[in-house]
>>> print(open('target_1.cif').read())   # mmCIF, N, CA, C and O atoms
data_work
loop_
_atom_site.label_atom_id
_atom_site.label_comp_id
_atom_site.auth_asym_id
_atom_site.auth_seq_id
_atom_site.Cartn_x
_atom_site.Cartn_y
_atom_site.Cartn_z
N MET A 1 -28.98 -101.23 48.79
CA MET A 1 -28.61 -99.91 49.23
C MET A 1 -29.85 -99.22 49.80
O MET A 1 -30.91 -99.25 49.19
N THR A 2 -29.71 -98.58 50.94
CA THR A 2 -30.86 -97.94 51.58
C THR A 2 -31.18 -96.61 50.92
O THR A 2 -30.33 -96.00 50.26
N LEU A 3 -32.39 -96.15 51.15
CA LEU A 3 -32.83 -94.85 50.63
C LEU A 3 -31.89 -93.76 51.13
O LEU A 3 -31.44 -92.91 50.36
N GLU A 4 -31.60 -93.79 52.42
CA GLU A 4 -30.71 -92.78 53.00
C GLU A 4 -29.35 -92.78 52.30
O GLU A 4 -28.81 -91.72 51.99
N HIS A 5 -28.81 -93.95 52.04
CA HIS A 5 -27.50 -94.07 51.38
C HIS A 5 -27.56 -93.56 49.94
O HIS A 5 -26.66 -92.86 49.49
N LEU A 6 -28.62 -93.91 49.22
CA LEU A 6 -28.76 -93.44 47.84
C LEU A 6 -28.76 -91.92 47.78
O LEU A 6 -28.11 -91.32 46.92
N ILE A 7 -29.49 -91.29 48.69
CA ILE A 7 -29.56 -89.83 48.70
C ILE A 7 -28.24 -89.23 49.16
O ILE A 7 -27.74 -88.27 48.56
N LYS A 8 -27.64 -89.83 50.18
CA LYS A 8 -26.36 -89.34 50.69
C LYS A 8 -25.29 -89.38 49.61
O LYS A 8 -24.51 -88.44 49.46
N GLU A 9 -25.26 -90.45 48.86
CA GLU A 9 -24.26 -90.62 47.81
C GLU A 9 -24.67 -89.96 46.49
O GLU A 9 -23.94 -90.04 45.50
N LYS A 10 -25.84 -89.33 46.49
CA LYS A 10 -26.37 -88.63 45.30
C LYS A 10 -26.45 -89.55 44.08
O LYS A 10 -26.09 -89.19 42.97
N HIS A 11 -26.93 -90.77 44.34
CA HIS A 11 -27.13 -91.74 43.27
C HIS A 11 -28.54 -91.59 42.72
O HIS A 11 -29.49 -91.42 43.48
N GLY A 12 -28.68 -91.69 41.44
CA GLY A 12 -29.99 -91.78 40.82
C GLY A 12 -30.75 -90.48 40.68
O GLY A 12 -30.20 -89.38 40.80
N THR A 13 -32.05 -90.65 40.43
CA THR A 13 -32.96 -89.55 40.17
C THR A 13 -34.19 -89.73 41.03
O THR A 13 -34.76 -90.82 41.09
N ILE A 14 -34.61 -88.66 41.68
CA ILE A 14 -35.84 -88.70 42.47
C ILE A 14 -37.00 -88.38 41.55
O ILE A 14 -37.03 -87.31 40.92
N VAL A 15 -37.95 -89.32 41.45
CA VAL A 15 -39.12 -89.15 40.58
C VAL A 15 -40.37 -89.18 41.45
O VAL A 15 -40.66 -90.17 42.11
N ASP A 16 -41.11 -88.09 41.43
CA ASP A 16 -42.36 -87.95 42.17
C ASP A 16 -43.49 -88.36 41.23
O ASP A 16 -43.66 -87.76 40.17
N VAL A 17 -44.25 -89.38 41.60
CA VAL A 17 -45.29 -89.90 40.71
C VAL A 17 -46.69 -89.37 41.03
O VAL A 17 -47.68 -89.87 40.52
N ARG A 18 -46.75 -88.34 41.88
CA ARG A 18 -48.06 -87.72 42.17
C ARG A 18 -48.51 -86.88 40.97
O ARG A 18 -47.74 -86.64 40.03
N THR A 19 -49.74 -86.41 41.03
CA THR A 19 -50.25 -85.56 39.96
C THR A 19 -49.47 -84.25 39.92
O THR A 19 -48.82 -83.86 40.91
N HIS A 20 -49.56 -83.55 38.81
CA HIS A 20 -48.87 -82.27 38.67
C HIS A 20 -49.34 -81.28 39.74
O HIS A 20 -48.52 -80.56 40.32
N GLU A 21 -50.62 -81.29 40.02
CA GLU A 21 -51.17 -80.38 41.03
C GLU A 21 -50.60 -80.68 42.42
O GLU A 21 -50.24 -79.76 43.16
N GLU A 22 -50.53 -81.96 42.77
CA GLU A 22 -49.95 -82.34 44.06
C GLU A 22 -48.48 -81.93 44.13
O GLU A 22 -48.01 -81.40 45.14
N PHE A 23 -47.77 -82.18 43.05
CA PHE A 23 -46.36 -81.85 42.96
C PHE A 23 -46.13 -80.35 43.17
O PHE A 23 -45.23 -79.94 43.90
N MET A 24 -46.96 -79.54 42.55
CA MET A 24 -46.83 -78.09 42.66
C MET A 24 -47.14 -77.60 44.08
O MET A 24 -46.71 -76.53 44.49
N GLY A 25 -47.86 -78.40 44.86
CA GLY A 25 -48.16 -78.05 46.24
C GLY A 25 -47.00 -78.29 47.19
O GLY A 25 -47.06 -77.89 48.35
N GLY A 26 -45.96 -78.93 46.72
CA GLY A 26 -44.78 -79.21 47.52
C GLY A 26 -44.10 -80.46 47.02
O GLY A 26 -44.77 -81.43 46.66
N HIS A 27 -42.78 -80.42 46.94
CA HIS A 27 -42.02 -81.57 46.43
C HIS A 27 -40.56 -81.46 46.85
O HIS A 27 -40.12 -80.42 47.32
N VAL A 28 -39.83 -82.55 46.68
CA VAL A 28 -38.40 -82.56 46.94
C VAL A 28 -37.74 -81.66 45.90
O VAL A 28 -38.02 -81.77 44.70
N ALA A 29 -36.87 -80.76 46.34
CA ALA A 29 -36.29 -79.74 45.47
C ALA A 29 -35.64 -80.30 44.21
O ALA A 29 -35.75 -79.71 43.14
N THR A 30 -34.99 -81.44 44.29
CA THR A 30 -34.27 -81.97 43.14
C THR A 30 -35.08 -82.99 42.33
O THR A 30 -34.57 -83.56 41.37
N SER A 31 -36.34 -83.18 42.70
CA SER A 31 -37.14 -84.22 42.05
C SER A 31 -37.73 -83.75 40.73
O SER A 31 -37.84 -82.55 40.47
N ILE A 32 -38.09 -84.74 39.91
CA ILE A 32 -38.85 -84.46 38.70
C ILE A 32 -40.23 -85.10 38.85
O ILE A 32 -40.38 -86.05 39.61
N ASN A 33 -41.19 -84.58 38.14
CA ASN A 33 -42.56 -85.07 38.26
C ASN A 33 -42.95 -85.85 37.01
O ASN A 33 -42.97 -85.31 35.91
N ILE A 34 -43.22 -87.13 37.21
CA ILE A 34 -43.79 -87.98 36.16
C ILE A 34 -44.96 -88.71 36.82
O ILE A 34 -44.75 -89.69 37.53
N PRO A 35 -46.17 -88.19 36.64
CA PRO A 35 -47.34 -88.79 37.29
C PRO A 35 -47.50 -90.27 36.94
O PRO A 35 -47.16 -90.70 35.82
N LEU A 36 -48.01 -91.03 37.89
CA LEU A 36 -48.19 -92.46 37.71
C LEU A 36 -48.92 -92.79 36.42
O LEU A 36 -48.52 -93.70 35.69
N ASN A 37 -49.95 -92.03 36.08
CA ASN A 37 -50.73 -92.34 34.88
C ASN A 37 -49.99 -92.01 33.58
O ASN A 37 -50.48 -92.31 32.50
N GLU A 38 -48.78 -91.43 33.66
CA GLU A 38 -47.99 -91.12 32.46
C GLU A 38 -46.77 -92.03 32.31
O GLU A 38 -46.05 -91.94 31.32
N ILE A 39 -46.54 -92.88 33.29
CA ILE A 39 -45.31 -93.68 33.29
C ILE A 39 -45.20 -94.57 32.05
O ILE A 39 -44.14 -94.65 31.43
N GLN A 40 -46.27 -95.22 31.68
CA GLN A 40 -46.20 -96.14 30.54
C GLN A 40 -45.81 -95.40 29.26
O GLN A 40 -44.94 -95.86 28.51
N GLU A 41 -46.39 -94.23 29.03
CA GLU A 41 -46.09 -93.49 27.80
C GLU A 41 -44.73 -92.78 27.87
O GLU A 41 -44.19 -92.38 26.83
N ARG A 42 -44.17 -92.62 29.06
CA ARG A 42 -42.88 -91.94 29.22
C ARG A 42 -41.76 -92.90 29.62
O ARG A 42 -40.72 -92.50 30.12
N LEU A 43 -41.98 -94.18 29.33
CA LEU A 43 -41.04 -95.23 29.71
C LEU A 43 -39.64 -95.00 29.15
O LEU A 43 -38.65 -95.13 29.86
N GLU A 44 -39.54 -94.63 27.89
CA GLU A 44 -38.23 -94.41 27.28
C GLU A 44 -37.51 -93.24 27.95
O GLU A 44 -36.30 -93.29 28.17
N GLU A 45 -38.25 -92.19 28.29
CA GLU A 45 -37.68 -91.05 29.01
C GLU A 45 -37.13 -91.51 30.36
O GLU A 45 -36.04 -91.10 30.77
N MET A 46 -37.87 -92.37 31.03
CA MET A 46 -37.46 -92.84 32.35
C MET A 46 -36.24 -93.75 32.27
O MET A 46 -35.38 -93.73 33.14
N LYS A 47 -36.14 -94.52 31.19
CA LYS A 47 -34.97 -95.38 30.99
C LYS A 47 -33.70 -94.56 30.82
O LYS A 47 -32.62 -95.02 31.16
N ALA A 48 -33.83 -93.34 30.32
CA ALA A 48 -32.68 -92.48 30.07
C ALA A 48 -32.22 -91.71 31.30
O ALA A 48 -31.13 -91.12 31.29
N LEU A 49 -33.00 -91.71 32.36
CA LEU A 49 -32.65 -90.98 33.57
C LEU A 49 -31.53 -91.69 34.33
O LEU A 49 -31.46 -92.92 34.30
N PRO A 50 -30.67 -90.93 35.03
CA PRO A 50 -29.67 -91.60 35.87
C PRO A 50 -30.35 -92.50 36.90
O PRO A 50 -31.31 -92.10 37.55
N SER A 51 -29.86 -93.73 37.01
CA SER A 51 -30.49 -94.69 37.91
C SER A 51 -29.63 -94.90 39.14
O SER A 51 -28.44 -94.59 39.12
N PRO A 52 -30.22 -95.43 40.18
CA PRO A 52 -31.60 -95.92 40.26
C PRO A 52 -32.58 -94.76 40.42
O PRO A 52 -32.22 -93.68 40.88
N LEU A 53 -33.81 -95.02 40.02
CA LEU A 53 -34.87 -94.05 40.23
C LEU A 53 -35.38 -94.21 41.65
O LEU A 53 -35.65 -95.32 42.09
N ILE A 54 -35.49 -93.12 42.37
CA ILE A 54 -36.05 -93.12 43.72
C ILE A 54 -37.46 -92.57 43.57
O ILE A 54 -37.65 -91.39 43.28
N LEU A 55 -38.43 -93.45 43.70
CA LEU A 55 -39.83 -93.10 43.45
C LEU A 55 -40.50 -92.65 44.74
O LEU A 55 -40.29 -93.25 45.79
N CYS A 56 -41.32 -91.60 44.64
CA CYS A 56 -42.05 -91.15 45.81
C CYS A 56 -43.42 -90.62 45.40
O CYS A 56 -43.67 -90.33 44.24
N CYS A 57 -44.31 -90.54 46.38
CA CYS A 57 -45.66 -90.02 46.17
C CYS A 57 -46.14 -89.47 47.51
O CYS A 57 -45.34 -89.01 48.31
N ALA A 58 -47.43 -89.54 47.76
CA ALA A 58 -47.97 -89.02 49.03
C ALA A 58 -47.71 -89.99 50.19
O ALA A 58 -47.31 -89.57 51.27
N SER A 59 -47.94 -91.28 49.95
CA SER A 59 -47.83 -92.24 51.06
C SER A 59 -46.98 -93.47 50.74
O SER A 59 -46.67 -94.25 51.63
N GLY A 60 -46.63 -93.66 49.50
CA GLY A 60 -45.86 -94.84 49.09
C GLY A 60 -46.66 -95.82 48.25
O GLY A 60 -46.09 -96.74 47.67
N GLY A 61 -47.97 -95.63 48.16
CA GLY A 61 -48.81 -96.55 47.39
C GLY A 61 -48.59 -96.44 45.89
O GLY A 61 -48.33 -97.43 45.21
N ARG A 62 -48.69 -95.23 45.38
CA ARG A 62 -48.49 -95.04 43.93
C ARG A 62 -47.04 -95.29 43.53
O ARG A 62 -46.78 -95.86 42.46
N SER A 63 -46.10 -94.90 44.38
CA SER A 63 -44.70 -95.15 44.05
C SER A 63 -44.42 -96.65 44.08
O SER A 63 -43.58 -97.14 43.33
N GLY A 64 -45.16 -97.40 44.91
CA GLY A 64 -45.04 -98.86 44.91
C GLY A 64 -45.56 -99.46 43.62
O GLY A 64 -44.96 -100.39 43.07
N GLN A 65 -46.66 -98.93 43.11
CA GLN A 65 -47.19 -99.38 41.82
C GLN A 65 -46.20 -99.07 40.71
O GLN A 65 -45.97 -99.90 39.82
N ALA A 66 -45.63 -97.87 40.75
CA ALA A 66 -44.65 -97.47 39.74
C ALA A 66 -43.43 -98.37 39.79
O ALA A 66 -42.92 -98.81 38.76
N GLU A 67 -42.96 -98.67 41.00
CA GLU A 67 -41.80 -99.54 41.17
C GLU A 67 -42.07 -100.91 40.54
O GLU A 67 -41.24 -101.43 39.79
N HIS A 68 -43.22 -101.48 40.83
CA HIS A 68 -43.58 -102.79 40.29
C HIS A 68 -43.54 -102.77 38.76
O HIS A 68 -42.94 -103.65 38.12
N PHE A 69 -44.16 -101.76 38.15
CA PHE A 69 -44.21 -101.65 36.69
C PHE A 69 -42.81 -101.46 36.10
O PHE A 69 -42.43 -102.13 35.14
N LEU A 70 -42.04 -100.55 36.69
CA LEU A 70 -40.72 -100.23 36.14
C LEU A 70 -39.74 -101.40 36.29
O LEU A 70 -38.94 -101.65 35.38
N LEU A 71 -39.81 -102.11 37.39
CA LEU A 71 -38.95 -103.29 37.56
C LEU A 71 -39.25 -104.34 36.49
O LEU A 71 -38.34 -105.00 35.98
N GLN A 72 -40.52 -104.48 36.14
CA GLN A 72 -40.91 -105.43 35.08
C GLN A 72 -40.33 -105.03 33.73
O GLN A 72 -40.19 -105.87 32.85
N HIS A 73 -39.99 -103.74 33.58
CA HIS A 73 -39.42 -103.24 32.34
C HIS A 73 -37.91 -103.02 32.44
O HIS A 73 -37.32 -102.31 31.63
N GLY A 74 -37.30 -103.62 33.46
CA GLY A 74 -35.86 -103.61 33.59
C GLY A 74 -35.25 -102.31 34.07
O GLY A 74 -34.05 -102.08 33.88
N ILE A 75 -36.04 -101.45 34.70
CA ILE A 75 -35.53 -100.18 35.19
C ILE A 75 -35.17 -100.32 36.67
O ILE A 75 -35.99 -100.75 37.48
N ASP A 76 -33.94 -99.95 37.01
CA ASP A 76 -33.46 -100.00 38.38
C ASP A 76 -34.14 -98.88 39.17
O ASP A 76 -33.98 -97.70 38.86
N CYS A 77 -34.94 -99.26 40.16
CA CYS A 77 -35.69 -98.27 40.94
C CYS A 77 -35.99 -98.80 42.33
O CYS A 77 -35.86 -99.99 42.59
N THR A 78 -36.38 -97.86 43.19
CA THR A 78 -36.76 -98.22 44.55
C THR A 78 -37.90 -97.32 44.99
O THR A 78 -37.99 -96.17 44.58
N ASN A 79 -38.77 -97.88 45.82
CA ASN A 79 -39.88 -97.11 46.36
C ASN A 79 -39.39 -96.35 47.58
O ASN A 79 -39.11 -96.94 48.62
N GLY A 80 -39.32 -95.03 47.45
CA GLY A 80 -38.90 -94.19 48.56
C GLY A 80 -40.02 -93.85 49.52
O GLY A 80 -39.80 -93.25 50.56
N GLY A 81 -41.26 -94.22 49.15
CA GLY A 81 -42.41 -93.93 50.01
C GLY A 81 -42.88 -92.50 49.85
O GLY A 81 -42.87 -91.94 48.76
N SER A 82 -43.25 -91.90 50.94
CA SER A 82 -43.76 -90.53 50.94
C SER A 82 -42.68 -89.54 50.50
O SER A 82 -41.51 -89.66 50.89
N TRP A 83 -43.09 -88.54 49.72
CA TRP A 83 -42.13 -87.53 49.31
C TRP A 83 -41.57 -86.78 50.53
O TRP A 83 -40.44 -86.31 50.50
N LEU A 84 -42.36 -86.74 51.60
CA LEU A 84 -41.89 -86.08 52.82
C LEU A 84 -40.72 -86.85 53.44
O LEU A 84 -39.78 -86.26 53.96
N ASN A 85 -40.76 -88.17 53.35
CA ASN A 85 -39.68 -89.01 53.83
C ASN A 85 -38.42 -88.79 53.00
O ASN A 85 -37.33 -88.60 53.54
N VAL A 86 -38.58 -88.78 51.69
CA VAL A 86 -37.45 -88.54 50.79
C VAL A 86 -36.89 -87.13 51.04
O VAL A 86 -35.68 -86.93 51.11
N ASN A 87 -37.78 -86.17 51.21
CA ASN A 87 -37.37 -84.79 51.46
C ASN A 87 -36.59 -84.68 52.76
O ASN A 87 -35.62 -83.91 52.85
N PHE A 88 -36.98 -85.45 53.78
CA PHE A 88 -36.28 -85.45 55.06
C PHE A 88 -34.82 -85.85 54.86
O PHE A 88 -33.90 -85.17 55.32
N TYR A 89 -34.59 -86.96 54.16
CA TYR A 89 -33.22 -87.42 53.93
C TYR A 89 -32.45 -86.43 53.06
O TYR A 89 -31.26 -86.19 53.27
N GLN A 90 -33.13 -85.85 52.10
CA GLN A 90 -32.49 -84.85 51.23
C GLN A 90 -32.08 -83.62 52.04
O GLN A 90 -30.98 -83.10 51.87
N SER A 91 -32.94 -83.17 52.94
CA SER A 91 -32.62 -81.99 53.74
C SER A 91 -31.48 -82.29 54.72
O SER A 91 -30.65 -81.41 54.97
N LEU A 92 -31.42 -83.50 55.25
CA LEU A 92 -30.29 -83.88 56.10
C LEU A 92 -28.99 -83.80 55.31
O LEU A 92 -27.98 -83.30 55.81
N GLN A 93 -29.03 -84.29 54.10
CA GLN A 93 -27.83 -84.29 53.26
C GLN A 93 -27.43 -82.85 52.94
O GLN A 93 -26.25 -82.52 52.94
N ASN A 94 -28.38 -81.98 52.68
CA ASN A 94 -28.07 -80.58 52.37
C ASN A 94 -27.41 -79.88 53.55
O ASN A 94 -26.57 -79.00 53.37
N LYS A 95 -27.78 -80.26 54.77
CA LYS A 95 -27.17 -79.66 55.97
C LYS A 95 -25.72 -80.11 56.11
O LYS A 95 -24.88 -79.38 56.62
N ILE A 96 -25.43 -81.34 55.67
CA ILE A 96 -24.08 -81.88 55.76
C ILE A 96 -23.17 -81.23 54.72
O ILE A 96 -22.02 -80.95 54.97
N ASP A 97 -23.72 -81.02 53.52
CA ASP A 97 -22.93 -80.46 52.41
C ASP A 97 -22.57 -79.05 52.67
O ASP A 97 -22.23 -78.24 52.99
#
>>> encode(input="target_1.cif", output="structure tokens")
Amino acid sequence: MTLEHLIKEKHGTIVDVRTHEEFMGGHVATSINIPLNEIQERLEEMKALPSPLILCCASGGRSGQAEHFLLQHGIDCTNGGSWLNVNFYQSLQNKID
């Protein structure tokens, strides 16, 4: 399933893995912030989130690292890349709704 389709169908949870400071500087309106360096300690919390998790960060690097780790722990997730990319698809969907 593509990123665009996941957002269009409102599947899963958007998780921004940037730092809290970066997140506060701008983020996808419906996203939650779980910084990359907190993922291991918040694994159980992430398992409880509606899946798949759509991971995003500044450029896709950290969300790629998060995706690799979470997939190893059996969590359904996808790397959405830059939060701006995810936000673009989200804003398109909001215009349709």
>>> select_by_dssp(input="target_1.cif", residues="chain A", states="strand (DSSP E or B)", output="ChimeraX atom specification")
/A:13-16,32-33,53-57,77-82
>>> closest_residue(input="target_1.cif", among="A:Leu92, A:Ile39, A:Ile75, A:Ala66", to="Pro52 of chain A", atoms="all atoms listed in the file")
A:Ile75
>>> atom_distance(input="target_1.cif", atom1="atom C of Glu9 of chain A", atom2="atom C of Glu67 of chain A")
21.4 Å
>>> residues_around(input="target_1.cif", residues="Pro35 of chain A", least_positions_apart="5", cutoff="5 Å", atoms="all atoms listed in the file", output="ChimeraX atom specification")
/A:16-18
>>> atom_distance(input="target_1.cif", atom1="atom C of Cys56 of chain A", atom2="atom C of Thr78 of chain A")
8.7 Å
>>> select_by_dssp(input="target_1.cif", residues="chain A", states="alpha helix (DSSP H)", output="NGL selection string")
:A and (3-8 or 20-24 or 43-47 or 61-72 or 83-96)
>>> build_atoms(input="target_1.cif", residues="segment 38-49 of chain A", atoms="all heavy atoms", output="PDB file, in the coordinates of the input")
ATOM      1  N   GLU A  38     -48.780 -91.430  33.660  1.00  0.00           N
ATOM      2  CA  GLU A  38     -47.990 -91.120  32.460  1.00  0.00           C
ATOM      3  C   GLU A  38     -46.770 -92.030  32.310  1.00  0.00           C
ATOM      4  O   GLU A  38     -46.050 -91.940  31.320  1.00  0.00           O
ATOM      5  CB  GLU A  38     -47.519 -89.658  32.506  1.00  0.00           C
ATOM      6  CG  GLU A  38     -48.639 -88.648  32.443  1.00  0.00           C
ATOM      7  CD  GLU A  38     -48.129 -87.212  32.514  1.00  0.00           C
ATOM      8  OE1 GLU A  38     -46.900 -86.991  32.352  1.00  0.00           O
ATOM      9  OE2 GLU A  38     -48.963 -86.314  32.728  1.00  0.00           O
ATOM     10  N   ILE A  39     -46.540 -92.880  33.290  1.00  0.00           N
ATOM     11  CA  ILE A  39     -45.310 -93.680  33.290  1.00  0.00           C
ATOM     12  C   ILE A  39     -45.200 -94.570  32.050  1.00  0.00           C
ATOM     13  O   ILE A  39     -44.140 -94.650  31.430  1.00  0.00           O
ATOM     14  CB  ILE A  39     -45.182 -94.498  34.589  1.00  0.00           C
ATOM     15  CG1 ILE A  39     -44.798 -93.543  35.715  1.00  0.00           C
ATOM     16  CG2 ILE A  39     -44.168 -95.623  34.460  1.00  0.00           C
ATOM     17  CD1 ILE A  39     -44.670 -94.178  37.063  1.00  0.00           C
ATOM     18  N   GLN A  40     -46.270 -95.220  31.680  1.00  0.00           N
ATOM     19  CA  GLN A  40     -46.200 -96.140  30.540  1.00  0.00           C
ATOM     20  C   GLN A  40     -45.810 -95.400  29.260  1.00  0.00           C
ATOM     21  O   GLN A  40     -44.940 -95.860  28.510  1.00  0.00           O
ATOM     22  CB  GLN A  40     -47.533 -96.856  30.347  1.00  0.00           C
ATOM     23  CG  GLN A  40     -47.459 -97.957  29.322  1.00  0.00           C
ATOM     24  CD  GLN A  40     -48.697 -98.833  29.325  1.00  0.00           C
ATOM     25  OE1 GLN A  40     -49.616 -98.633  30.090  1.00  0.00           O
ATOM     26  NE2 GLN A  40     -48.703 -99.826  28.464  1.00  0.00           N
ATOM     27  N   GLU A  41     -46.390 -94.230  29.030  1.00  0.00           N
ATOM     28  CA  GLU A  41     -46.090 -93.490  27.800  1.00  0.00           C
ATOM     29  C   GLU A  41     -44.730 -92.780  27.870  1.00  0.00           C
ATOM     30  O   GLU A  41     -44.190 -92.380  26.830  1.00  0.00           O
ATOM     31  CB  GLU A  41     -47.194 -92.488  27.478  1.00  0.00           C
ATOM     32  CG  GLU A  41     -47.374 -91.402  28.504  1.00  0.00           C
ATOM     33  CD  GLU A  41     -48.674 -90.639  28.364  1.00  0.00           C
ATOM     34  OE1 GLU A  41     -49.727 -91.266  28.193  1.00  0.00           O
ATOM     35  OE2 GLU A  41     -48.605 -89.404  28.435  1.00  0.00           O
ATOM     36  N   ARG A  42     -44.170 -92.620  29.060  1.00  0.00           N
ATOM     37  CA  ARG A  42     -42.880 -91.940  29.220  1.00  0.00           C
ATOM     38  C   ARG A  42     -41.760 -92.900  29.620  1.00  0.00           C
ATOM     39  O   ARG A  42     -40.720 -92.500  30.120  1.00  0.00           O
ATOM     40  CB  ARG A  42     -43.033 -90.816  30.259  1.00  0.00           C
ATOM     41  CG  ARG A  42     -44.001 -89.742  29.789  1.00  0.00           C
ATOM     42  CD  ARG A  42     -44.267 -88.669  30.801  1.00  0.00           C
ATOM     43  NE  ARG A  42     -43.086 -87.821  31.020  1.00  0.00           N
ATOM     44  CZ  ARG A  42     -43.094 -86.775  31.855  1.00  0.00           C
ATOM     45  NH1 ARG A  42     -44.182 -86.457  32.536  1.00  0.00           N
ATOM     46  NH2 ARG A  42     -42.005 -86.056  32.013  1.00  0.00           N
ATOM     47  N   LEU A  43     -41.980 -94.180  29.330  1.00  0.00           N
ATOM     48  CA  LEU A  43     -41.040 -95.230  29.710  1.00  0.00           C
ATOM     49  C   LEU A  43     -39.640 -95.000  29.150  1.00  0.00           C
ATOM     50  O   LEU A  43     -38.650 -95.130  29.860  1.00  0.00           O
ATOM     51  CB  LEU A  43     -41.580 -96.586  29.271  1.00  0.00           C
ATOM     52  CG  LEU A  43     -40.935 -97.824  29.857  1.00  0.00           C
ATOM     53  CD1 LEU A  43     -40.949 -97.797  31.382  1.00  0.00           C
ATOM     54  CD2 LEU A  43     -41.646 -99.070  29.359  1.00  0.00           C
ATOM     55  N   GLU A  44     -39.540 -94.630  27.890  1.00  0.00           N
ATOM     56  CA  GLU A  44     -38.230 -94.410  27.280  1.00  0.00           C
ATOM     57  C   GLU A  44     -37.510 -93.240  27.950  1.00  0.00           C
ATOM     58  O   GLU A  44     -36.300 -93.290  28.170  1.00  0.00           O
ATOM     59  CB  GLU A  44     -38.359 -94.180  25.771  1.00  0.00           C
ATOM     60  CG  GLU A  44     -38.808 -95.404  25.005  1.00  0.00           C
ATOM     61  CD  GLU A  44     -37.920 -96.627  25.259  1.00  0.00           C
ATOM     62  OE1 GLU A  44     -36.666 -96.500  25.208  1.00  0.00           O
ATOM     63  OE2 GLU A  44     -38.465 -97.722  25.525  1.00  0.00           O
ATOM     64  N   GLU A  45     -38.250 -92.190  28.290  1.00  0.00           N
ATOM     65  CA  GLU A  45     -37.680 -91.050  29.010  1.00  0.00           C
ATOM     66  C   GLU A  45     -37.130 -91.510  30.360  1.00  0.00           C
ATOM     67  O   GLU A  45     -36.040 -91.100  30.770  1.00  0.00           O
ATOM     68  CB  GLU A  45     -38.770 -89.999  29.205  1.00  0.00           C
ATOM     69  CG  GLU A  45     -38.364 -88.806  30.012  1.00  0.00           C
ATOM     70  CD  GLU A  45     -39.518 -87.853  30.294  1.00  0.00           C
ATOM     71  OE1 GLU A  45     -40.600 -87.962  29.655  1.00  0.00           O
ATOM     72  OE2 GLU A  45     -39.337 -86.997  31.162  1.00  0.00           O
ATOM     73  N   MET A  46     -37.870 -92.370  31.030  1.00  0.00           N
ATOM     74  CA  MET A  46     -37.460 -92.840  32.350  1.00  0.00           C
ATOM     75  C   MET A  46     -36.240 -93.750  32.270  1.00  0.00           C
ATOM     76  O   MET A  46     -35.380 -93.730  33.140  1.00  0.00           O
ATOM     77  CB  MET A  46     -38.619 -93.529  33.053  1.00  0.00           C
ATOM     78  CG  MET A  46     -39.758 -92.555  33.354  1.00  0.00           C
ATOM     79  SD  MET A  46     -41.090 -93.279  34.279  1.00  0.00           S
ATOM     80  CE  MET A  46     -40.411 -93.160  35.943  1.00  0.00           C
ATOM     81  N   LYS A  47     -36.140 -94.520  31.190  1.00  0.00           N
ATOM     82  CA  LYS A  47     -34.970 -95.380  30.990  1.00  0.00           C
ATOM     83  C   LYS A  47     -33.700 -94.560  30.820  1.00  0.00           C
ATOM     84  O   LYS A  47     -32.620 -95.020  31.160  1.00  0.00           O
ATOM     85  CB  LYS A  47     -35.172 -96.280  29.768  1.00  0.00           C
ATOM     86  CG  LYS A  47     -36.143 -97.408  29.986  1.00  0.00           C
ATOM     87  CD  LYS A  47     -36.291 -98.244  28.735  1.00  0.00           C
ATOM     88  CE  LYS A  47     -37.275 -99.388  28.959  1.00  0.00           C
ATOM     89  NZ  LYS A  47     -37.470-100.194  27.732  1.00  0.00           N
ATOM     90  N   ALA A  48     -33.830 -93.340  30.320  1.00  0.00           N
ATOM     91  CA  ALA A  48     -32.680 -92.480  30.070  1.00  0.00           C
ATOM     92  C   ALA A  48     -32.220 -91.710  31.300  1.00  0.00           C
ATOM     93  O   ALA A  48     -31.130 -91.120  31.290  1.00  0.00           O
ATOM     94  CB  ALA A  48     -33.010 -91.509  28.938  1.00  0.00           C
ATOM     95  N   LEU A  49     -33.000 -91.710  32.360  1.00  0.00           N
ATOM     96  CA  LEU A  49     -32.650 -90.980  33.570  1.00  0.00           C
ATOM     97  C   LEU A  49     -31.530 -91.690  34.330  1.00  0.00           C
ATOM     98  O   LEU A  49     -31.460 -92.920  34.300  1.00  0.00           O
ATOM     99  CB  LEU A  49     -33.871 -90.839  34.489  1.00  0.00           C
ATOM    100  CG  LEU A  49     -35.019 -89.976  33.989  1.00  0.00           C
ATOM    101  CD1 LEU A  49     -36.236 -90.134  34.909  1.00  0.00           C
ATOM    102  CD2 LEU A  49     -34.596 -88.516  33.894  1.00  0.00           C
TER     103      LEU A  49
END
